[in-house]
file work_25.cif (mmCIF, C-alpha atoms)
data_my_file
#
loop_
_atom_site.label_atom_id
_atom_site.label_comp_id
_atom_site.auth_asym_id
_atom_site.auth_seq_id
_atom_site.Cartn_x
_atom_site.Cartn_y
_atom_site.Cartn_z
CA MET A 1 140.51 73.50 24.43
CA SER A 2 143.08 74.94 26.81
CA HIS A 3 144.57 78.37 26.28
CA TRP A 4 147.99 77.11 25.18
CA ARG A 5 146.43 74.70 22.73
CA SER A 6 144.46 77.55 21.18
CA LEU A 7 147.65 79.57 20.88
CA ALA A 8 149.49 76.64 19.32
CA ALA A 9 146.69 76.04 16.83
CA ALA A 10 146.67 79.72 15.84
CA ALA A 11 150.45 79.71 15.43
CA LEU A 12 150.35 76.58 13.30
CA LEU A 13 147.69 78.12 11.06
CA SER A 14 149.90 81.17 10.68
CA ILE A 15 152.87 78.98 9.71
CA LEU A 16 150.81 77.06 7.17
CA ALA A 17 149.55 80.31 5.67
CA ALA A 18 153.12 81.60 5.39
CA SER A 19 154.38 78.34 3.90
CA SER A 20 151.83 78.43 1.10
CA SER A 21 153.44 81.55 -0.35
CA VAL A 22 156.93 80.10 -0.04
CA ALA A 23 156.22 77.09 -2.23
CA GLN A 24 158.84 77.74 -4.87
CA ASP A 25 160.35 74.33 -5.47
CA GLY A 26 159.90 73.31 -9.06
CA ARG A 27 158.37 70.03 -10.02
CA ARG A 28 159.59 67.67 -12.68
CA VAL A 29 157.54 67.76 -15.85
CA SER A 30 157.57 66.60 -19.43
CA VAL A 31 156.04 69.09 -21.86
CA THR A 32 155.19 68.62 -25.52
CA GLY A 33 154.43 71.52 -27.79
CA GLU A 34 155.63 74.06 -30.32
CA ILE A 35 158.59 76.33 -29.69
CA SER A 36 157.43 79.87 -30.28
CA ASP A 37 158.20 83.32 -28.99
CA THR A 38 156.62 84.42 -25.77
CA TRP A 39 155.57 87.89 -26.78
CA CYS A 40 153.60 87.08 -29.93
CA SER A 41 151.87 84.21 -28.21
CA ILE A 42 150.87 86.28 -25.21
CA SER A 43 149.97 89.50 -26.96
CA GLY A 44 147.57 87.88 -29.40
CA LEU A 45 148.38 90.60 -31.89
CA MET A 46 148.90 88.09 -34.67
CA PHE A 47 148.38 84.46 -35.55
CA ALA A 48 151.33 82.95 -33.71
CA LYS A 49 151.44 79.31 -34.64
CA GLY A 50 153.16 77.07 -37.15
CA THR A 51 154.92 78.03 -40.34
CA ALA A 52 152.87 81.24 -40.73
CA HIS A 53 154.65 82.57 -37.69
CA HIS A 54 158.05 80.94 -38.14
CA GLN A 55 159.87 84.02 -39.44
CA CYS A 56 158.51 86.20 -36.67
CA ALA A 57 159.38 83.59 -34.04
CA VAL A 58 163.00 83.59 -35.22
CA TRP A 59 163.10 87.40 -35.18
CA CYS A 60 161.80 87.55 -31.64
CA ALA A 61 164.06 84.79 -30.41
CA LEU A 62 167.13 86.50 -31.83
CA GLY A 63 165.81 89.93 -30.85
CA GLY A 64 165.96 89.15 -27.18
CA ILE A 65 162.73 87.66 -25.91
CA PRO A 66 162.66 84.28 -24.20
CA VAL A 67 161.15 81.49 -26.25
CA SER A 68 158.22 79.47 -24.99
CA ILE A 69 156.61 76.12 -25.58
CA ARG A 70 152.90 76.14 -26.26
CA ASP A 71 151.27 72.80 -25.61
CA ALA A 72 148.20 71.33 -27.23
CA THR A 73 145.90 72.91 -24.65
CA GLY A 74 147.28 76.38 -25.34
CA ASP A 75 149.25 76.62 -22.10
CA LEU A 76 152.45 78.60 -22.48
CA TYR A 77 155.71 77.64 -20.77
CA LEU A 78 158.32 80.38 -20.73
CA ILE A 79 161.72 78.74 -21.18
CA LEU A 80 164.47 80.19 -19.02
CA ARG A 81 167.12 77.61 -19.82
CA ILE A 82 167.61 74.77 -22.27
CA GLY A 83 170.21 72.16 -21.39
CA ASP A 84 173.64 73.71 -21.33
CA ASP A 85 172.32 77.03 -22.61
CA GLU A 86 171.77 79.08 -19.48
CA ASP A 87 169.73 81.56 -21.46
CA SER A 88 167.08 81.03 -24.09
CA VAL A 89 167.39 84.65 -25.22
CA ALA A 90 169.15 85.78 -28.40
CA ASN A 91 170.62 82.33 -28.75
CA PRO A 92 171.06 81.17 -32.37
CA ARG A 93 170.92 77.51 -31.37
CA ILE A 94 167.55 78.05 -29.75
CA ALA A 95 166.33 80.24 -32.62
CA ARG A 96 166.97 77.36 -35.02
CA MET A 97 164.38 75.37 -33.07
CA ALA A 98 161.63 77.93 -33.69
CA THR A 99 158.30 76.31 -34.64
CA HIS A 100 159.64 72.81 -33.92
CA GLU A 101 157.34 70.38 -32.15
CA VAL A 102 159.37 69.15 -29.20
CA THR A 103 159.05 67.18 -26.02
CA VAL A 104 161.22 68.45 -23.19
CA ASP A 105 161.95 67.30 -19.68
CA GLY A 106 162.63 69.84 -16.98
CA GLU A 107 161.62 71.73 -13.90
CA LEU A 108 158.43 73.77 -13.80
CA LEU A 109 158.10 76.88 -11.66
CA GLU A 110 154.79 78.70 -11.51
CA ARG A 111 154.19 82.19 -10.23
CA ASP A 112 151.09 84.34 -10.51
CA GLY A 113 149.78 82.23 -13.36
CA VAL A 114 152.99 82.33 -15.42
CA LYS A 115 154.72 79.01 -16.05
CA TYR A 116 158.52 79.05 -16.18
CA LEU A 117 160.45 76.06 -17.46
CA LEU A 118 164.06 75.09 -16.83
CA VAL A 119 164.65 72.51 -19.54
CA ASP A 120 167.17 69.80 -18.79
CA LYS A 121 166.75 67.74 -21.91
CA ILE A 122 165.05 67.81 -25.29
CA ALA A 123 163.62 64.32 -25.33
CA ASP A 124 162.17 64.55 -28.84
CA ASP A 125 162.28 66.99 -31.73
CA LYS A 126 159.89 66.34 -34.60
CA GLY A 127 160.94 69.47 -36.45
CA ILE A 128 158.38 71.76 -38.08
CA ILE A 129 155.12 69.89 -38.52
CA THR A 130 152.43 72.56 -38.17
CA MET A 131 151.83 74.06 -41.61
CA THR A 132 149.76 77.22 -41.35
CA HIS A 133 151.30 79.61 -43.90
CA ASP A 134 148.89 78.79 -46.73
CA GLU A 135 145.92 79.68 -44.58
CA TYR A 136 147.30 82.61 -42.58
CA GLY A 137 150.11 84.01 -44.74
CA ILE A 138 153.51 84.94 -43.40
CA GLN A 139 153.11 86.85 -40.13
CA PRO A 140 153.12 89.68 -39.37
CA PHE A 141 153.57 91.51 -42.65
CA GLY A 142 152.31 89.08 -45.25
CA ASN A 143 154.13 87.05 -47.86
CA MET B 1 156.67 70.80 35.63
CA PRO B 2 158.47 69.20 32.65
CA GLY B 3 155.13 69.43 30.80
CA VAL B 4 154.95 73.17 31.41
CA VAL B 5 158.53 73.64 30.20
CA ALA B 6 157.80 71.61 27.08
CA ARG B 7 154.68 73.69 26.36
CA ARG B 8 156.61 76.91 26.84
CA SER B 9 159.44 75.71 24.58
CA PHE B 10 156.97 74.63 21.93
CA LEU B 11 155.11 77.94 22.03
CA ALA B 12 158.37 79.88 22.03
CA GLY B 13 159.49 77.97 18.95
CA LEU B 14 156.20 78.62 17.17
CA ALA B 15 156.31 82.27 18.12
CA GLY B 16 159.87 82.57 16.83
CA PHE B 17 158.93 81.00 13.52
CA ALA B 18 155.82 83.16 13.23
CA VAL B 19 157.86 86.32 13.90
CA ALA B 20 160.51 85.28 11.36
CA SER B 21 157.77 84.56 8.80
CA ALA B 22 156.09 87.89 9.48
CA GLN B 23 159.42 89.70 9.11
CA ALA B 24 160.09 87.90 5.85
CA GLN B 25 156.62 88.81 4.58
CA SER B 26 157.14 92.44 5.50
CA GLN B 27 160.28 92.55 3.37
CA GLY B 28 158.32 92.13 0.21
CA GLY B 29 154.93 90.58 0.70
CA HIS B 30 155.86 87.14 -0.53
CA VAL B 31 158.96 85.72 1.07
CA HIS B 32 160.63 84.46 -2.08
CA GLY B 33 163.57 86.64 -2.88
CA SER B 34 163.86 88.05 0.60
CA ALA B 35 166.95 87.66 2.70
CA ALA B 36 164.94 85.69 5.23
CA SER B 37 163.89 83.11 2.65
CA ALA B 38 165.08 79.62 3.48
CA THR B 39 165.85 78.86 -0.15
CA PRO B 40 167.02 81.28 -2.81
CA ASP B 41 164.38 82.35 -5.29
CA PRO B 42 165.14 80.46 -8.52
CA LEU B 43 163.61 83.28 -10.58
CA ALA B 44 165.23 86.26 -8.85
CA GLY B 45 168.15 86.66 -11.24
CA ARG B 46 166.32 85.78 -14.43
CA PHE B 47 165.11 89.26 -15.38
CA GLY B 48 166.39 92.75 -14.72
CA GLY B 49 169.64 94.28 -13.61
CA PRO B 50 171.42 97.57 -13.12
CA PHE B 51 170.68 100.49 -15.44
CA SER B 52 171.87 104.06 -15.78
CA LEU B 53 169.40 106.26 -17.62
CA THR B 54 167.85 109.74 -17.67
CA ASP B 55 164.36 110.37 -16.35
CA HIS B 56 161.74 112.55 -18.01
CA THR B 57 162.84 115.56 -15.98
CA GLY B 58 166.35 115.27 -17.37
CA LYS B 59 167.85 113.87 -14.19
CA ALA B 60 170.41 111.07 -14.43
CA VAL B 61 169.13 108.06 -12.49
CA SER B 62 170.14 104.47 -11.90
CA ASP B 63 168.17 101.55 -10.58
CA GLU B 64 169.74 102.34 -7.19
CA ALA B 65 167.62 105.50 -7.05
CA TYR B 66 164.51 103.36 -6.57
CA ARG B 67 165.76 101.10 -3.80
CA GLY B 68 163.25 100.72 -1.01
CA ARG B 69 160.35 100.79 -3.44
CA PHE B 70 159.00 98.15 -5.77
CA MET B 71 159.66 98.86 -9.43
CA LEU B 72 156.97 98.18 -12.01
CA VAL B 73 158.93 98.18 -15.25
CA TYR B 74 157.51 98.47 -18.74
CA PHE B 75 159.33 99.01 -22.04
CA GLY B 76 157.69 100.90 -24.91
CA PHE B 77 157.90 104.08 -26.96
CA THR B 78 155.84 107.21 -27.25
CA ARG B 79 154.82 106.67 -30.87
CA CYS B 80 153.62 103.13 -30.24
CA THR B 81 150.16 102.59 -31.67
CA ASP B 82 149.25 99.14 -30.39
CA THR B 83 150.58 97.71 -27.13
CA CYS B 84 151.63 100.81 -25.14
CA PRO B 85 148.26 102.58 -25.44
CA ILE B 86 146.71 99.43 -23.98
CA ASP B 87 149.23 98.54 -21.30
CA LEU B 88 149.93 101.99 -19.88
CA PRO B 89 146.29 102.75 -19.02
CA THR B 90 146.18 99.32 -17.38
CA ILE B 91 149.19 100.24 -15.26
CA ALA B 92 147.60 103.61 -14.43
CA GLN B 93 144.31 102.00 -13.39
CA THR B 94 146.24 99.48 -11.32
CA LEU B 95 148.05 102.26 -9.45
CA ASP B 96 144.77 104.03 -8.77
CA ALA B 97 143.22 100.81 -7.53
CA LEU B 98 146.16 100.21 -5.20
CA ALA B 99 146.10 103.56 -3.46
CA PRO B 100 147.54 104.13 -0.88
CA LEU B 101 149.71 101.00 -1.40
CA ALA B 102 150.73 102.47 -4.74
CA GLU B 103 153.16 104.74 -2.90
CA ARG B 104 155.35 101.67 -2.43
CA VAL B 105 155.67 101.29 -6.19
CA VAL B 106 157.56 103.32 -8.74
CA PRO B 107 156.20 102.69 -12.24
CA LEU B 108 158.90 103.00 -14.88
CA PHE B 109 158.38 103.44 -18.60
CA ILE B 110 161.68 102.72 -20.35
CA THR B 111 161.74 103.79 -23.97
CA VAL B 112 162.88 101.44 -26.70
CA ASP B 113 163.24 104.43 -29.05
CA PRO B 114 165.76 106.71 -27.36
CA ALA B 115 166.53 108.60 -30.58
CA PHE B 116 163.03 110.11 -30.58
CA ASP B 117 162.00 109.82 -26.93
CA THR B 118 163.96 112.62 -25.33
CA PRO B 119 163.13 113.72 -21.76
CA PRO B 120 160.70 116.48 -22.89
CA VAL B 121 158.91 114.06 -25.22
CA LEU B 122 158.68 111.49 -22.44
CA ALA B 123 157.51 114.09 -19.92
CA ALA B 124 154.44 114.97 -21.97
CA TYR B 125 153.75 111.32 -22.72
CA VAL B 126 153.92 109.85 -19.20
CA ALA B 127 151.90 112.74 -17.77
CA ALA B 128 149.07 111.75 -20.08
CA PHE B 129 148.79 108.39 -18.33
CA HIS B 130 149.56 108.82 -14.64
CA PRO B 131 151.29 111.43 -12.48
CA ALA B 132 153.47 108.78 -10.83
CA LEU B 133 154.71 107.26 -14.09
CA VAL B 134 158.42 107.89 -14.65
CA GLY B 135 159.77 107.99 -18.20
CA LEU B 136 163.34 106.84 -18.74
CA THR B 137 165.56 107.31 -21.76
CA GLY B 138 169.28 107.24 -22.45
CA SER B 139 171.92 106.55 -25.02
CA GLU B 140 171.36 103.78 -27.51
CA ALA B 141 173.92 101.68 -25.65
CA ASP B 142 172.32 102.27 -22.25
CA ILE B 143 168.85 101.42 -23.53
CA ALA B 144 170.20 98.33 -25.27
CA ALA B 145 171.79 97.21 -22.02
CA ALA B 146 168.57 97.72 -20.05
CA ALA B 147 166.51 95.90 -22.68
CA LYS B 148 168.96 93.03 -22.67
CA ALA B 149 168.85 92.76 -18.89
CA TYR B 150 165.07 92.56 -18.91
CA LYS B 151 165.02 90.27 -21.97
CA VAL B 152 163.05 92.73 -24.02
CA HIS B 153 163.32 92.42 -27.77
CA ARG B 154 163.11 95.55 -29.88
CA ARG B 155 163.37 95.87 -33.60
CA LYS B 156 163.15 98.99 -35.72
CA LEU B 157 160.74 98.51 -38.59
CA THR B 158 160.05 100.49 -41.72
CA GLN B 159 156.83 99.51 -43.43
CA PRO B 160 155.40 100.56 -46.81
CA HIS B 161 153.03 103.07 -45.27
CA HIS B 162 155.84 104.87 -43.46
CA GLY B 163 156.96 108.16 -44.92
CA GLN B 164 160.51 109.47 -45.13
CA GLY B 165 162.26 109.00 -41.79
CA GLU B 166 159.26 107.28 -40.21
CA TYR B 167 159.52 103.93 -38.50
CA ALA B 168 157.98 101.79 -35.79
CA VAL B 169 159.69 99.78 -33.08
CA ASP B 170 158.50 96.25 -32.52
CA HIS B 171 159.01 95.58 -28.82
CA GLY B 172 158.15 93.22 -25.99
CA SER B 173 155.21 94.06 -23.81
CA LEU B 174 155.69 92.24 -20.54
CA THR B 175 155.48 94.19 -17.29
CA TYR B 176 158.00 93.30 -14.61
CA LEU B 177 157.56 93.66 -10.87
CA MET B 178 160.87 94.03 -9.06
CA ASP B 179 161.30 93.99 -5.29
CA ARG B 180 162.65 96.72 -3.04
CA ARG B 181 166.19 95.62 -3.84
CA GLY B 182 165.66 95.56 -7.58
CA ARG B 183 165.29 91.81 -7.91
CA PHE B 184 162.73 90.16 -10.12
CA LEU B 185 159.49 89.09 -8.47
CA THR B 186 156.95 88.37 -11.16
CA LEU B 187 155.88 88.92 -14.76
CA LEU B 188 152.61 90.51 -15.77
CA PRO B 189 151.92 89.64 -19.40
CA HIS B 190 150.28 91.89 -21.95
CA ASN B 191 146.49 91.64 -21.64
CA THR B 192 146.65 91.37 -17.86
CA GLY B 193 143.70 93.49 -16.80
CA ALA B 194 143.98 96.20 -14.16
CA GLN B 195 141.94 94.21 -11.65
CA ARG B 196 144.18 91.17 -11.99
CA MET B 197 147.36 93.27 -11.97
CA ALA B 198 146.22 95.07 -8.81
CA ALA B 199 145.47 91.75 -7.11
CA VAL B 200 148.92 90.38 -7.96
CA LEU B 201 150.69 93.54 -6.84
CA ARG B 202 148.67 93.71 -3.65
CA SER B 203 149.89 90.25 -2.69
CA TYR B 204 153.47 91.51 -2.81
CA LEU B 205 152.98 94.99 -1.42
CA ALA B 206 150.74 94.24 1.51
#
call {"tool": "encode", "arguments": {"input": "work_25.cif", "output": "structure tokens"}}
result
Amino acid sequence: MSHWRSLAAAALLSILAASSSVAQDGRRVSVTGEISDTWCSISGLMFAKGTAHHQCAVWCALGGIPVSIRDATGDLYLILRIGDDEDSVANPRIARMATHEVTVDGELLERDGVKYLLVDKIADDKGIITMTHDEYGIQPFGN
Amino acid sequence: MPGVVARRSFLAGLAGFAVASAQAQSQGGHVHGSAASATPDPLAGRFGGPFSLTDHTGKAVSDEAYRGRFMLVYFGFTRCTDTCPIDLPTIAQTLDALAPLAERVVPLFITVDPAFDTPPVLAAYVAAFHPALVGLTGSEADIAAAAKAYKVHRRKLTQPHHGQGEYAVDHGSLTYLMDRRGRFLTLLPHNTGAQRMAAVLRSYLA
């Protein structure tokens, strides 16, 4: 291989390496899961699923933490925007959706293992269907 | 001759791109969020913002004071008994693991309980974790504004076991990495181990 070809190959490799860390364009996704609060789900400090956790999820949503959707596999999608609501934080309309099983369409951005979701549309809302309060009590402070 | 010119032009173009990429990387490790980025970072404005607080030495500081360094921001309070005693040692171990890159980072502990966490209280607390850790407090309004900017919930709780005047503060426990200009880079959730946190930070700081 000639000298200039070696240089070109090295430069192209460098460009490809740089491009891999620039990949920031979101991809279109449809996600189904329960609307919960990000902190309780991530911290694992309490049972954060279904009706057992509904009250706490509302508190956190109104208290200022972004809500998330947790899908059936346990993956968490941190919601940055829902439809016309530019912010999912401290938003009463969003708080009313706590614990609902929803399907949303939107744009997924991933960074360092955290999934961020910009929701364009709530395609389906089944309401609260996961009943866990009998088994786990009302989180975090009991009934 | 035209072939030589074409080769030179091609190489010059590649070199220019490589230099621009290298410059962008040097701004903040990853290029997202840097001025040289071709597309704006869609996450850059989602967390964080200006704050005016008081550090643990009693000095008035704003976010501007930390420009030129990455900010590792964590919210908590000195009487926390669950998340802070877990997350702060993780941050301390991360800083130790990063040395000497850690000099590019200023770790900030912003209290969610400003009524109790005065500068002297914070000074003793942060020193127990890491010499570089900076404690920040302020008025209720200033702390509320900072918490709102970083989307940190906080809720004062009084539980049956609390005595007169005692309380806890339920609070978020995400750690935020901000770039040299104070813009959001990435979230490090609670339970991120020091090894993982160091690896993520290294990718931005290097």
call {"tool": "residues_around", "arguments": {"input": "work_25.cif", "residues": "B:Ser52", "least_positions_apart": "2", "cutoff": "10 Å", "atoms": "all atoms listed in the file", "output": "list in words"}}
result
Pro50, Thr54, Asp55, Ala60, Val61, Ser62, Asp63, Glu64, Ala65, Leu136, Thr137, Gly138, Ser139, Asp142, Ile143, Ala145 and Ala146 of chain B
call {"tool": "closest_atom_pairs", "arguments": {"input": "work_25.cif", "of": "chain B", "to": "chain A", "cutoff": "6 Å", "atoms": "only C-alpha atoms", "output": "JSON lines"}}
result
{"residue": "B:Lys151", "atom": "CA", "partner": "A:Ile65", "partner_atom": "CA", "distance": 5.3}
{"residue": "B:Val152", "atom": "CA", "partner": "A:Ile65", "partner_atom": "CA", "distance": 5.4}
{"residue": "B:His153", "atom": "CA", "partner": "A:Gly64", "partner_atom": "CA", "distance": 4.2}
{"residue": "B:Gly172", "atom": "CA", "partner": "A:Trp39", "partner_atom": "CA", "distance": 6.0}
{"residue": "B:His190", "atom": "CA", "partner": "A:Ser43", "partner_atom": "CA", "distance": 5.6}
call {"tool": "resolve_selection", "arguments": {"input": "work_25.cif", "expression": "the PyMOL selection byres ((chain B and resi 43) around 9)", "output": "list in words"}}
result
Leu109 and Tyr116 of chain A; Gly33, Pro40, Asp41, Pro42, Ala44, Gly45, Arg46, Phe47, Phe184, Leu185 and Thr186 of chain B
call {"tool": "resolve_selection", "arguments": {"input": "work_25.cif", "expression": "the PyMOL selection byres ((chain A and resi 69-79) around 6)", "output": "compact mmCIF listing (two decimals) with C-alpha atoms, keeping the file's coordinate frame"}}
result
# COMPACT_ATOMS: atom_id res chain seq x y z
CA THR A 32 155.19 68.62 -25.52
CA GLY A 33 154.43 71.52 -27.79
CA GLU A 34 155.63 74.06 -30.32
CA ILE A 35 158.59 76.33 -29.69
CA VAL A 67 161.15 81.49 -26.25
CA SER A 68 158.22 79.47 -24.99
CA LEU A 80 164.47 80.19 -19.02
CA ARG A 81 167.12 77.61 -19.82
CA LYS A 115 154.72 79.01 -16.05
CA TYR A 116 158.52 79.05 -16.18
CA LEU A 117 160.45 76.06 -17.46
call {"tool": "closest_residue", "arguments": {"input": "work_25.cif", "among": "B:Asp170, B:Ser203, B:Tyr66, B:Gly135", "to": "A:Cys56", "atoms": "only C-alpha atoms"}}
result
B:Asp170
call {"tool": "closest_residue", "arguments": {"input": "work_25.cif", "among": "B:His56, B:Arg69, B:Leu205, B:Ala141", "to": "B:Phe109", "atoms": "only C-alpha atoms"}}
result
B:His56
call {"tool": "build_atoms", "arguments": {"input": "work_25.cif", "residues": "stretch 91-103 of chain A", "atoms": "N, CA and C atoms", "output": "PDB file, keeping the file's coordinate frame"}}
result
ATOM      1  N   ASN A  91     169.729  83.477 -28.660  1.00  0.00           N
ATOM      2  CA  ASN A  91     170.620  82.330 -28.750  1.00  0.00           C
ATOM      3  C   ASN A  91     170.366  81.637 -30.090  1.00  0.00           C
ATOM      4  N   PRO A  92     171.304  81.730 -31.025  1.00  0.00           N
ATOM      5  CA  PRO A  92     171.060  81.170 -32.370  1.00  0.00           C
ATOM      6  C   PRO A  92     170.674  79.697 -32.346  1.00  0.00           C
ATOM      7  N   ARG A  93     171.247  78.942 -31.437  1.00  0.00           N
ATOM      8  CA  ARG A  93     170.920  77.510 -31.370  1.00  0.00           C
ATOM      9  C   ARG A  93     169.441  77.312 -31.037  1.00  0.00           C
ATOM     10  N   ILE A  94     168.952  78.147 -30.129  1.00  0.00           N
ATOM     11  CA  ILE A  94     167.550  78.050 -29.750  1.00  0.00           C
ATOM     12  C   ILE A  94     166.667  78.573 -30.887  1.00  0.00           C
ATOM     13  N   ALA A  95     167.122  79.648 -31.538  1.00  0.00           N
ATOM     14  CA  ALA A  95     166.330  80.240 -32.620  1.00  0.00           C
ATOM     15  C   ALA A  95     166.124  79.225 -33.749  1.00  0.00           C
ATOM     16  N   ARG A  96     167.107  78.366 -33.956  1.00  0.00           N
ATOM     17  CA  ARG A  96     166.970  77.360 -35.020  1.00  0.00           C
ATOM     18  C   ARG A  96     165.863  76.347 -34.706  1.00  0.00           C
ATOM     19  N   MET A  97     165.446  76.306 -33.452  1.00  0.00           N
ATOM     20  CA  MET A  97     164.380  75.370 -33.070  1.00  0.00           C
ATOM     21  C   MET A  97     162.990  76.015 -33.152  1.00  0.00           C
ATOM     22  N   ALA A  98     162.927  77.246 -33.619  1.00  0.00           N
ATOM     23  CA  ALA A  98     161.630  77.930 -33.690  1.00  0.00           C
ATOM     24  C   ALA A  98     160.637  77.085 -34.487  1.00  0.00           C
ATOM     25  N   THR A  99     159.427  76.994 -33.997  1.00  0.00           N
ATOM     26  CA  THR A  99     158.300  76.310 -34.640  1.00  0.00           C
ATOM     27  C   THR A  99     158.410  74.775 -34.575  1.00  0.00           C
ATOM     28  N   HIS A 100     159.505  74.272 -34.028  1.00  0.00           N
ATOM     29  CA  HIS A 100     159.640  72.810 -33.920  1.00  0.00           C
ATOM     30  C   HIS A 100     158.665  72.270 -32.868  1.00  0.00           C
ATOM     31  N   GLU A 101     158.176  71.084 -33.129  1.00  0.00           N
ATOM     32  CA  GLU A 101     157.340  70.380 -32.150  1.00  0.00           C
ATOM     33  C   GLU A 101     158.294  69.516 -31.315  1.00  0.00           C
ATOM     34  N   VAL A 102     158.383  69.830 -30.046  1.00  0.00           N
ATOM     35  CA  VAL A 102     159.370  69.150 -29.200  1.00  0.00           C
ATOM     36  C   VAL A 102     158.707  68.581 -27.938  1.00  0.00           C
ATOM     37  N   THR A 103     159.394  67.641 -27.369  1.00  0.00           N
ATOM     38  CA  THR A 103     159.050  67.180 -26.020  1.00  0.00           C
ATOM     39  C   THR A 103     160.279  67.426 -25.161  1.00  0.00           C
TER      40      THR A 103
END
